[in-house]
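S.K.: Dropping the structure in here first, questions after.
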Amino acid sequence: MSQRIVSVASYSSAQPSTSKEPEDTIFQEEIQRLMYAFGDEEHPTKESAYLVECYMIEHLKDVLFKALSRSTRKGASQLQLEDILHILKNHPKQYNRVKGLMSMMEEQEEAKGSWIEELEGKKKRKLKD
């Protein structure tokens, strides 16, 4: 039994060309920009971006379902971040990217907190003067 592998090129040539954009796209513009950043043409076709989006959503669903399964096996009532990270440990690039983004978010929160504290201190000094 052979399975047919569909690539971006065969997808766009196999589907009839219509001017109607797929209705269930969420990240169309972002994916087109990412495709350009990774070497595609400046304005990739909407069909190609739609196919990439479908793959991306399926991958996210797969990771989240695996993490949810692990979470319920542990007896947790909700999905935990540590379960997602555990699933991503099998994919070092993705794992390192998530850890990097998490540390960057923590740094931003710390900077934001110190900035707010500094502004509040200036307001209190002005009120005292």
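Letters A, B, ... mark the chains of the structure tokens in the order given; residue numbers begin at 1 per chain; ligand numbers begin at 1, in order shown.
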May I have the residues within 12 Å of A:Ser69 as a PDB file with N, CA and C atoms, in the first residue's frame, using only C-alpha atoms and disregarding those fewer than 2 positions away in the same chain?
M.R.:
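Result file is around09.pdb:
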ATOM      1  N   LYS A  61      -1.405  20.668  17.528  1.00  0.00           N
ATOM      2  CA  LYS A  61      -2.402  19.768  18.100  1.00  0.00           C
ATOM      3  C   LYS A  61      -1.745  18.503  18.627  1.00  0.00           C
ATOM      4  N   ASP A  62      -0.832  17.952  17.842  1.00  0.00           N
ATOM      5  CA  ASP A  62      -0.144  16.720  18.225  1.00  0.00           C
ATOM      6  C   ASP A  62       0.631  16.910  19.528  1.00  0.00           C
ATOM      7  N   VAL A  63       1.397  17.990  19.612  1.00  0.00           N
ATOM      8  CA  VAL A  63       2.187  18.252  20.822  1.00  0.00           C
ATOM      9  C   VAL A  63       1.274  18.469  22.020  1.00  0.00           C
ATOM     10  N   LEU A  64       0.208  19.255  21.841  1.00  0.00           N
ATOM     11  CA  LEU A  64      -0.682  19.555  22.956  1.00  0.00           C
ATOM     12  C   LEU A  64      -1.473  18.332  23.409  1.00  0.00           C
ATOM     13  N   PHE A  65      -1.902  17.473  22.481  1.00  0.00           N
ATOM     14  CA  PHE A  65      -2.608  16.257  22.883  1.00  0.00           C
ATOM     15  C   PHE A  65      -1.689  15.303  23.636  1.00  0.00           C
ATOM     16  N   LYS A  66      -0.448  15.201  23.181  1.00  0.00           N
ATOM     17  CA  LYS A  66       0.511  14.353  23.903  1.00  0.00           C
ATOM     18  C   LYS A  66       0.774  14.898  25.297  1.00  0.00           C
ATOM     19  N   ALA A  67       0.915  16.211  25.402  1.00  0.00           N
ATOM     20  CA  ALA A  67       1.158  16.834  26.705  1.00  0.00           C
ATOM     21  C   ALA A  67      -0.059  16.672  27.612  1.00  0.00           C
ATOM     22  N   SER A  71      -0.281  14.783  31.150  1.00  0.00           N
ATOM     23  CA  SER A  71      -0.794  15.502  32.305  1.00  0.00           C
ATOM     24  C   SER A  71      -1.897  14.708  33.016  1.00  0.00           C
ATOM     25  N   THR A  72      -2.803  14.130  32.248  1.00  0.00           N
ATOM     26  CA  THR A  72      -3.883  13.346  32.862  1.00  0.00           C
ATOM     27  C   THR A  72      -3.368  12.053  33.473  1.00  0.00           C
ATOM     28  N   ARG A  73      -2.329  11.464  32.889  1.00  0.00           N
ATOM     29  CA  ARG A  73      -1.734  10.260  33.496  1.00  0.00           C
ATOM     30  C   ARG A  73      -1.145  10.573  34.857  1.00  0.00           C
ATOM     31  N   LYS A  74      -0.632  11.791  35.021  1.00  0.00           N
ATOM     32  CA  LYS A  74      -0.061  12.198  36.303  1.00  0.00           C
ATOM     33  C   LYS A  74      -1.157  12.560  37.305  1.00  0.00           C
ATOM     34  N   GLY A  75      -2.381  12.714  36.831  1.00  0.00           N
ATOM     35  CA  GLY A  75      -3.482  13.054  37.719  1.00  0.00           C
ATOM     36  C   GLY A  75      -3.784  14.531  37.813  1.00  0.00           C
ATOM     37  N   ALA A  76      -3.171  15.335  36.974  1.00  0.00           N
ATOM     38  CA  ALA A  76      -3.426  16.780  36.988  1.00  0.00           C
ATOM     39  C   ALA A  76      -4.748  17.067  36.277  1.00  0.00           C
ATOM     40  N   SER A  77      -5.439  18.079  36.721  1.00  0.00           N
ATOM     41  CA  SER A  77      -6.722  18.430  36.110  1.00  0.00           C
ATOM     42  C   SER A  77      -6.555  19.374  34.919  1.00  0.00           C
ATOM     43  N   GLN A  78      -5.379  20.001  34.801  1.00  0.00           N
ATOM     44  CA  GLN A  78      -5.124  20.937  33.715  1.00  0.00           C
ATOM     45  C   GLN A  78      -3.791  20.628  33.053  1.00  0.00           C
ATOM     46  N   LEU A  79      -3.663  21.124  31.842  1.00  0.00           N
ATOM     47  CA  LEU A  79      -2.414  20.990  31.110  1.00  0.00           C
ATOM     48  C   LEU A  79      -1.348  21.849  31.783  1.00  0.00           C
ATOM     49  N   GLN A  80      -0.194  21.265  32.023  1.00  0.00           N
ATOM     50  CA  GLN A  80       0.906  21.964  32.693  1.00  0.00           C
ATOM     51  C   GLN A  80       1.999  22.302  31.684  1.00  0.00           C
ATOM     52  N   ASP A  83       4.606  19.644  31.173  1.00  0.00           N
ATOM     53  CA  ASP A  83       4.240  18.531  30.289  1.00  0.00           C
ATOM     54  C   ASP A  83       4.552  18.865  28.834  1.00  0.00           C
ATOM     55  N   ILE A  84       4.301  20.105  28.459  1.00  0.00           N
ATOM     56  CA  ILE A  84       4.634  20.526  27.089  1.00  0.00           C
ATOM     57  C   ILE A  84       6.144  20.482  26.893  1.00  0.00           C
ATOM     58  N   HIS A  86       8.245  18.628  28.460  1.00  0.00           N
ATOM     59  CA  HIS A  86       8.678  17.222  28.437  1.00  0.00           C
ATOM     60  C   HIS A  86       8.499  16.623  27.036  1.00  0.00           C
ATOM     61  N   ILE A  87       7.385  16.944  26.394  1.00  0.00           N
ATOM     62  CA  ILE A  87       7.135  16.442  25.035  1.00  0.00           C
ATOM     63  C   ILE A  87       8.157  17.039  24.064  1.00  0.00           C
TER      64      ILE A  87
END
S.K.: If you measure from atom CA of A:Asn96 to atom CA of A:Glu82, what distance in Å do you get, rounded to one decimal?
M.R.: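 If I compute the distance from atom CA of A:Asn96 to atom CA of A:Glu82, I get 13.7 Å.
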S.K.: Taking the backbone alone, and naming residues the way the document does, which bits of stretch 34-106 of chain A are helix (DSSP H, G or I) by DSSP, as a VMD selection string?
M.R.: chain A and resid 34 to 37 46 to 74 81 to 88 92 to 106
S.K.: Might you pull out every residue within 12 Å of stretch 31-44 of chain A, with only C-alpha atoms counted and same-chain residues fewer than 4 positions away left off, and present them as JSON, numbers by chain?
M.R.: {"A": [8, 9, 12, 25, 26, 27, 48, 49, 50, 51, 52, 53, 54, 55, 56, 57]}
S.K.: I need the chosen residues saved as an mmCIF file, in the first residue's frame, with C-alpha atoms.
M.R.:
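Result went into selection-v6.cif, see below:
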data_model
loop_
_atom_site.group_PDB
_atom_site.id
_atom_site.type_symbol
_atom_site.label_atom_id
_atom_site.label_comp_id
_atom_site.auth_asym_id
_atom_site.auth_seq_id
_atom_site.Cartn_x
_atom_site.Cartn_y
_atom_site.Cartn_z
ATOM 1 C CA VAL A 8 3.698 22.441 -1.538
ATOM 2 C CA ALA A 9 4.391 22.295 -5.275
ATOM 3 C CA SER A 12 -0.791 24.128 -5.589
ATOM 4 C CA THR A 25 -6.854 30.715 8.037
ATOM 5 C CA ILE A 26 -5.603 32.286 11.235
ATOM 6 C CA PHE A 27 -1.948 33.133 10.616
ATOM 7 C CA SER A 48 1.309 27.544 -0.022
ATOM 8 C CA ALA A 49 0.824 29.578 3.145
ATOM 9 C CA TYR A 50 -2.443 27.746 3.815
ATOM 10 C CA LEU A 51 -0.705 24.380 3.489
ATOM 11 C CA VAL A 52 2.103 25.449 5.842
ATOM 12 C CA GLU A 53 -0.518 26.702 8.297
ATOM 13 C CA CYS A 54 -2.311 23.343 8.156
ATOM 14 C CA TYR A 55 0.950 21.532 8.946
ATOM 15 C CA MET A 56 1.705 23.972 11.761
ATOM 16 C CA ILE A 57 -1.727 23.557 13.356
#
